[in-house]
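Novice: Just so it is clear, I am handing over final.cif, which has mmCIF, C-alpha atoms; chains and numbers go by the auth columns.
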```cif
data_model
#
loop_
_atom_site.group_PDB
_atom_site.id
_atom_site.type_symbol
_atom_site.label_atom_id
_atom_site.label_comp_id
_atom_site.label_asym_id
_atom_site.label_seq_id
_atom_site.Cartn_x
_atom_site.Cartn_y
_atom_site.Cartn_z
_atom_site.B_iso_or_equiv
_atom_site.auth_seq_id
_atom_site.auth_asym_id
ATOM 1 C CA MET A 1 -58.282 -26.676 39.400 0.00 1119 A
ATOM 2 C CA GLU A 2 -61.026 -26.789 41.938 0.00 1120 A
ATOM 3 C CA ILE A 3 -60.779 -23.046 42.475 0.00 1121 A
ATOM 4 C CA PHE A 4 -61.524 -22.434 38.795 0.00 1122 A
ATOM 5 C CA ALA A 5 -64.509 -24.789 38.908 0.00 1123 A
ATOM 6 C CA ASN A 6 -65.978 -23.027 41.928 0.00 1124 A
ATOM 7 C CA ARG A 7 -65.373 -19.523 40.622 0.00 1125 A
ATOM 8 C CA LEU A 8 -66.821 -20.256 37.210 0.00 1126 A
ATOM 9 C CA LYS A 9 -70.000 -21.688 38.694 0.00 1127 A
ATOM 10 C CA GLU A 10 -70.261 -18.829 41.180 0.00 1128 A
ATOM 11 C CA LEU A 11 -69.825 -16.141 38.510 0.00 1129 A
ATOM 12 C CA ARG A 12 -72.322 -17.810 36.211 0.00 1130 A
ATOM 13 C CA ASN A 13 -74.916 -18.213 38.965 0.00 1131 A
ATOM 14 C CA GLU A 14 -74.452 -14.624 40.201 0.00 1132 A
ATOM 15 C CA ARG A 15 -75.438 -13.449 36.746 0.00 1133 A
ATOM 16 C CA LYS A 16 -78.296 -15.956 36.522 0.00 1134 A
ATOM 17 C CA MET A 17 -76.687 -17.364 33.389 0.00 1135 A
ATOM 18 C CA SER A 18 -77.362 -20.929 32.319 0.00 1136 A
ATOM 19 C CA GLN A 19 -74.662 -23.314 31.218 0.00 1137 A
ATOM 20 C CA ALA A 20 -76.301 -23.283 27.780 0.00 1138 A
ATOM 21 C CA THR A 21 -76.017 -19.505 27.533 0.00 1139 A
ATOM 22 C CA LEU A 22 -72.370 -19.532 28.547 0.00 1140 A
ATOM 23 C CA ALA A 23 -71.674 -22.332 26.084 0.00 1141 A
ATOM 24 C CA LYS A 24 -73.270 -20.279 23.315 0.00 1142 A
ATOM 25 C CA LEU A 25 -71.168 -17.226 24.193 0.00 1143 A
ATOM 26 C CA LEU A 26 -68.038 -19.389 24.117 0.00 1144 A
ATOM 27 C CA GLN A 27 -69.119 -21.202 20.958 0.00 1145 A
ATOM 28 C CA SER A 28 -68.729 -24.431 22.868 0.00 1146 A
ATOM 29 C CA SER A 29 -70.952 -27.175 24.250 0.00 1147 A
ATOM 30 C CA GLU A 30 -72.994 -27.216 27.418 0.00 1148 A
ATOM 31 C CA SER A 31 -71.299 -30.461 28.443 0.00 1149 A
ATOM 32 C CA ILE A 32 -67.841 -28.855 28.518 0.00 1150 A
ATOM 33 C CA ILE A 33 -69.177 -26.134 30.832 0.00 1151 A
ATOM 34 C CA CYS A 34 -70.507 -28.869 33.098 0.00 1152 A
ATOM 35 C CA TYR A 35 -67.125 -30.659 33.000 0.00 1153 A
ATOM 36 C CA TRP A 36 -65.328 -27.455 33.971 0.00 1154 A
ATOM 37 C CA GLU A 37 -67.735 -26.717 36.819 0.00 1155 A
ATOM 38 C CA THR A 38 -67.428 -30.234 38.222 0.00 1156 A
ATOM 39 C CA ASN A 39 -63.638 -30.195 37.913 0.00 1157 A
ATOM 40 C CA ARG A 40 -63.574 -33.061 35.399 0.00 1158 A
ATOM 41 C CA SER A 41 -61.798 -30.985 32.777 0.00 1159 A
ATOM 42 C CA GLU A 42 -59.854 -27.745 32.495 0.00 1160 A
ATOM 43 C CA PRO A 43 -60.259 -25.018 29.886 0.00 1161 A
ATOM 44 C CA THR A 44 -57.557 -24.210 27.385 0.00 1162 A
ATOM 45 C CA ALA A 45 -55.905 -20.795 27.587 0.00 1163 A
ATOM 46 C CA PRO A 46 -58.072 -19.235 24.841 0.00 1164 A
ATOM 47 C CA TYR A 47 -61.246 -20.289 26.660 0.00 1165 A
ATOM 48 C CA LEU A 48 -59.873 -18.985 29.944 0.00 1166 A
ATOM 49 C CA VAL A 49 -59.312 -15.567 28.364 0.00 1167 A
ATOM 50 C CA LYS A 50 -62.824 -15.556 26.854 0.00 1168 A
ATOM 51 C CA ILE A 51 -64.398 -16.506 30.189 0.00 1169 A
ATOM 52 C CA ALA A 52 -62.505 -13.723 31.959 0.00 1170 A
ATOM 53 C CA ASP A 53 -63.719 -11.258 29.335 0.00 1171 A
ATOM 54 C CA ILE A 54 -67.342 -12.389 29.573 0.00 1172 A
ATOM 55 C CA PHE A 55 -67.427 -11.994 33.351 0.00 1173 A
ATOM 56 C CA GLY A 56 -65.166 -8.939 33.587 0.00 1174 A
ATOM 57 C CA VAL A 57 -62.573 -10.613 35.807 0.00 1175 A
ATOM 58 C CA SER A 58 -58.913 -11.466 35.388 0.00 1176 A
ATOM 59 C CA THR A 59 -57.577 -14.864 34.465 0.00 1177 A
ATOM 60 C CA ASP A 60 -55.612 -14.684 37.711 0.00 1178 A
ATOM 61 C CA PHE A 61 -58.910 -14.439 39.600 0.00 1179 A
ATOM 62 C CA LEU A 62 -60.330 -17.432 37.745 0.00 1180 A
ATOM 63 C CA LEU A 63 -57.230 -19.462 38.575 0.00 1181 A
ATOM 64 C CA GLY A 64 -57.175 -18.453 42.235 0.00 1182 A
ATOM 65 C CA ILE A 65 -53.986 -16.417 41.961 0.00 1183 A
ATOM 66 C CA ALA A 66 -55.742 -13.136 42.799 0.00 1184 A
ATOM 67 C CA GLU A 67 -58.816 -12.351 44.853 0.00 1185 A
ATOM 68 C CA TYR A 68 -60.264 -9.816 42.389 0.00 1186 A
#
```
Mind turning this structure into structure tokens?
Specialist:
Amino acid sequence: MEIFANRLKELRNERKMSQATLAKLLQSSESIICYWETNRSEPTAPYLVKIADIFGVSTDFLLGIAEY
């Protein structure tokens, strides 16, 4: 899911949020954020929903199904 990787990194950088901060909000590790952003791993559905909530976007946007 290269689209997800790119959008996650873009959203995080737009908000000047570190990987560590996002990891803390997700109660996860910084390394998993790095894996997602480099397309080495994909988030589970519950994480996808949490990420969408944190950034105020839809899961469809994160997955590249929608443009907003």
Novice: Smallest atom-to-atom distance to Ala1163 (chain A): which of A:Ile1150, A:Leu1140, A:Leu1181, A:Leu1126, using all atoms listed in the file?
Specialist: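 For Ala1163 (chain A), the nearest of the candidates is A:Leu1181.
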Novice: Report as a PDB file with C-alpha atoms, in the frame of the given file all protein, DNA and RNA residues lying within 12 Å of Arg1130 (chain A), evaluated on only C-alpha atoms, omitting residues in the same chain fewer than 4 positions from it.
Specialist:
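Writing done, so here's result_5.pdb:
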```pdb
ATOM      1  CA  ALA A1123     -64.509 -24.789  38.908  1.00  0.00           C
ATOM      2  CA  ASN A1124     -65.978 -23.027  41.928  1.00  0.00           C
ATOM      3  CA  ARG A1125     -65.373 -19.523  40.622  1.00  0.00           C
ATOM      4  CA  LEU A1126     -66.821 -20.256  37.210  1.00  0.00           C
ATOM      5  CA  LYS A1134     -78.296 -15.956  36.522  1.00  0.00           C
ATOM      6  CA  MET A1135     -76.687 -17.364  33.389  1.00  0.00           C
ATOM      7  CA  SER A1136     -77.362 -20.929  32.319  1.00  0.00           C
ATOM      8  CA  GLN A1137     -74.662 -23.314  31.218  1.00  0.00           C
ATOM      9  CA  ALA A1138     -76.301 -23.283  27.780  1.00  0.00           C
ATOM     10  CA  THR A1139     -76.017 -19.505  27.533  1.00  0.00           C
ATOM     11  CA  LEU A1140     -72.370 -19.532  28.547  1.00  0.00           C
ATOM     12  CA  ALA A1141     -71.674 -22.332  26.084  1.00  0.00           C
ATOM     13  CA  ILE A1151     -69.177 -26.134  30.832  1.00  0.00           C
ATOM     14  CA  CYS A1152     -70.507 -28.869  33.098  1.00  0.00           C
ATOM     15  CA  GLU A1155     -67.735 -26.717  36.819  1.00  0.00           C
ATOM     16  CA  ILE A1169     -64.398 -16.506  30.189  1.00  0.00           C
ATOM     17  CA  ALA A1170     -62.505 -13.723  31.959  1.00  0.00           C
ATOM     18  CA  ILE A1172     -67.342 -12.389  29.573  1.00  0.00           C
ATOM     19  CA  PHE A1173     -67.427 -11.994  33.351  1.00  0.00           C
ATOM     20  CA  GLY A1174     -65.166  -8.939  33.587  1.00  0.00           C
TER      21      GLY A1174
END
```
Novice: A:Thr1177, A:Lys1142, A:Gly1182, A:Phe1122: which is nearest Thr1156 (chain A), counting only C-alpha atoms?
Specialist: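 Distance minimum relative to Thr1156 (chain A) lands on A:Phe1122.
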Novice: Rounded to one decimal place, report the CA of Glu1120 (chain A)-CA of Trp1154 (chain A) distance in Å.
Specialist: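 Taking CA of Glu1120 (chain A) as the start and CA of Trp1154 (chain A) as the end point, the length is 9.1 Å.
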Novice: Interatomic distance between CA of Glu1148 (chain A) and CA of Glu1128 (chain A)?
Specialist: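 The value is 16.3 Å.
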Novice: Could you state the separation of CA of Asp1171 (chain A) and CA of Ile1121 (chain A) in Å, given to one decimal place?
Specialist: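 Between CA of Asp1171 (chain A) and CA of Ile1121 (chain A) the gap is 17.9 Å.
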Novice: Give the padded box for region 1134-1148 of chain A as AutoDock Vina command-line options: axis-aligned, covering all atoms listed in the file, 8 Å on each side, centre and edge lengths in Å to one decimal.
Specialist:
```
--center_x -73.2 --center_y -21.6 --center_z 28.7 --size_x 26.3 --size_y 27.3 --size_z 31.6
```
Novice: Name the closest residue to Lys1127 (chain A) among the candidates A:Pro1164, A:Asn1157, A:Glu1185, A:Ser1176; distances are taken between atoms, counting all atoms listed in the file.
Specialist: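 Residue with the minimum atom-to-atom distance to Lys1127 (chain A): A:Asn1157.
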Novice: Missing atoms in region 1132-1153 of chain A should be modelled up to N, CA and C atoms and reported as a PDB file, in the coordinates of the input.
Specialist:
```pdb
ATOM      1  N   GLU A1132     -74.227 -16.012  39.790  1.00  0.00           N
ATOM      2  CA  GLU A1132     -74.452 -14.624  40.201  1.00  0.00           C
ATOM      3  C   GLU A1132     -75.148 -13.826  39.108  1.00  0.00           C
ATOM      4  N   ARG A1133     -74.850 -14.166  37.884  1.00  0.00           N
ATOM      5  CA  ARG A1133     -75.438 -13.449  36.746  1.00  0.00           C
ATOM      6  C   ARG A1133     -76.682 -14.146  36.205  1.00  0.00           C
ATOM      7  N   LYS A1134     -77.111 -15.185  36.924  1.00  0.00           N
ATOM      8  CA  LYS A1134     -78.296 -15.956  36.522  1.00  0.00           C
ATOM      9  C   LYS A1134     -78.177 -16.427  35.076  1.00  0.00           C
ATOM     10  N   MET A1135     -76.988 -16.897  34.730  1.00  0.00           N
ATOM     11  CA  MET A1135     -76.687 -17.364  33.389  1.00  0.00           C
ATOM     12  C   MET A1135     -76.694 -18.897  33.382  1.00  0.00           C
ATOM     13  N   SER A1136     -77.346 -19.473  32.421  1.00  0.00           N
ATOM     14  CA  SER A1136     -77.362 -20.929  32.319  1.00  0.00           C
ATOM     15  C   SER A1136     -76.065 -21.431  31.683  1.00  0.00           C
ATOM     16  N   GLN A1137     -75.822 -22.706  31.871  1.00  0.00           N
ATOM     17  CA  GLN A1137     -74.662 -23.314  31.218  1.00  0.00           C
ATOM     18  C   GLN A1137     -74.815 -23.226  29.705  1.00  0.00           C
ATOM     19  N   ALA A1138     -76.039 -23.364  29.222  1.00  0.00           N
ATOM     20  CA  ALA A1138     -76.301 -23.283  27.780  1.00  0.00           C
ATOM     21  C   ALA A1138     -75.957 -21.899  27.232  1.00  0.00           C
ATOM     22  N   THR A1139     -76.319 -20.871  27.980  1.00  0.00           N
ATOM     23  CA  THR A1139     -76.017 -19.505  27.533  1.00  0.00           C
ATOM     24  C   THR A1139     -74.516 -19.263  27.489  1.00  0.00           C
ATOM     25  N   LEU A1140     -73.819 -19.702  28.532  1.00  0.00           N
ATOM     26  CA  LEU A1140     -72.370 -19.532  28.547  1.00  0.00           C
ATOM     27  C   LEU A1140     -71.729 -20.315  27.404  1.00  0.00           C
ATOM     28  N   ALA A1141     -72.201 -21.513  27.182  1.00  0.00           N
ATOM     29  CA  ALA A1141     -71.674 -22.332  26.084  1.00  0.00           C
ATOM     30  C   ALA A1141     -71.852 -21.622  24.748  1.00  0.00           C
ATOM     31  N   LYS A1142     -73.005 -21.000  24.563  1.00  0.00           N
ATOM     32  CA  LYS A1142     -73.270 -20.279  23.315  1.00  0.00           C
ATOM     33  C   LYS A1142     -72.307 -19.098  23.157  1.00  0.00           C
ATOM     34  N   LEU A1143     -72.091 -18.366  24.243  1.00  0.00           N
ATOM     35  CA  LEU A1143     -71.168 -17.226  24.193  1.00  0.00           C
ATOM     36  C   LEU A1143     -69.743 -17.668  23.877  1.00  0.00           C
ATOM     37  N   LEU A1144     -69.385 -18.861  24.348  1.00  0.00           N
ATOM     38  CA  LEU A1144     -68.038 -19.389  24.117  1.00  0.00           C
ATOM     39  C   LEU A1144     -67.935 -20.205  22.837  1.00  0.00           C
ATOM     40  N   GLN A1145     -69.054 -20.356  22.147  1.00  0.00           N
ATOM     41  CA  GLN A1145     -69.119 -21.202  20.958  1.00  0.00           C
ATOM     42  C   GLN A1145     -68.591 -22.600  21.289  1.00  0.00           C
ATOM     43  N   SER A1146     -69.136 -23.136  22.353  1.00  0.00           N
ATOM     44  CA  SER A1146     -68.729 -24.431  22.868  1.00  0.00           C
ATOM     45  C   SER A1146     -69.984 -25.244  23.178  1.00  0.00           C
ATOM     46  N   SER A1147     -69.807 -26.341  23.891  1.00  0.00           N
ATOM     47  CA  SER A1147     -70.952 -27.175  24.250  1.00  0.00           C
ATOM     48  C   SER A1147     -71.289 -27.016  25.732  1.00  0.00           C
ATOM     49  N   GLU A1148     -72.545 -27.277  26.035  1.00  0.00           N
ATOM     50  CA  GLU A1148     -72.994 -27.216  27.418  1.00  0.00           C
ATOM     51  C   GLU A1148     -72.270 -28.266  28.268  1.00  0.00           C
ATOM     52  N   SER A1149     -71.963 -29.400  27.678  1.00  0.00           N
ATOM     53  CA  SER A1149     -71.299 -30.461  28.443  1.00  0.00           C
ATOM     54  C   SER A1149     -69.902 -30.052  28.897  1.00  0.00           C
ATOM     55  N   ILE A1150     -69.186 -29.270  28.099  1.00  0.00           N
ATOM     56  CA  ILE A1150     -67.841 -28.855  28.518  1.00  0.00           C
ATOM     57  C   ILE A1150     -67.935 -27.875  29.683  1.00  0.00           C
ATOM     58  N   ILE A1151     -68.972 -27.043  29.701  1.00  0.00           N
ATOM     59  CA  ILE A1151     -69.177 -26.134  30.832  1.00  0.00           C
ATOM     60  C   ILE A1151     -69.413 -26.964  32.095  1.00  0.00           C
ATOM     61  N   CYS A1152     -70.232 -27.976  31.970  1.00  0.00           N
ATOM     62  CA  CYS A1152     -70.507 -28.869  33.098  1.00  0.00           C
ATOM     63  C   CYS A1152     -69.219 -29.550  33.564  1.00  0.00           C
ATOM     64  N   TYR A1153     -68.402 -30.013  32.644  1.00  0.00           N
ATOM     65  CA  TYR A1153     -67.125 -30.659  33.000  1.00  0.00           C
ATOM     66  C   TYR A1153     -66.224 -29.692  33.747  1.00  0.00           C
TER      67      TYR A1153
END
```
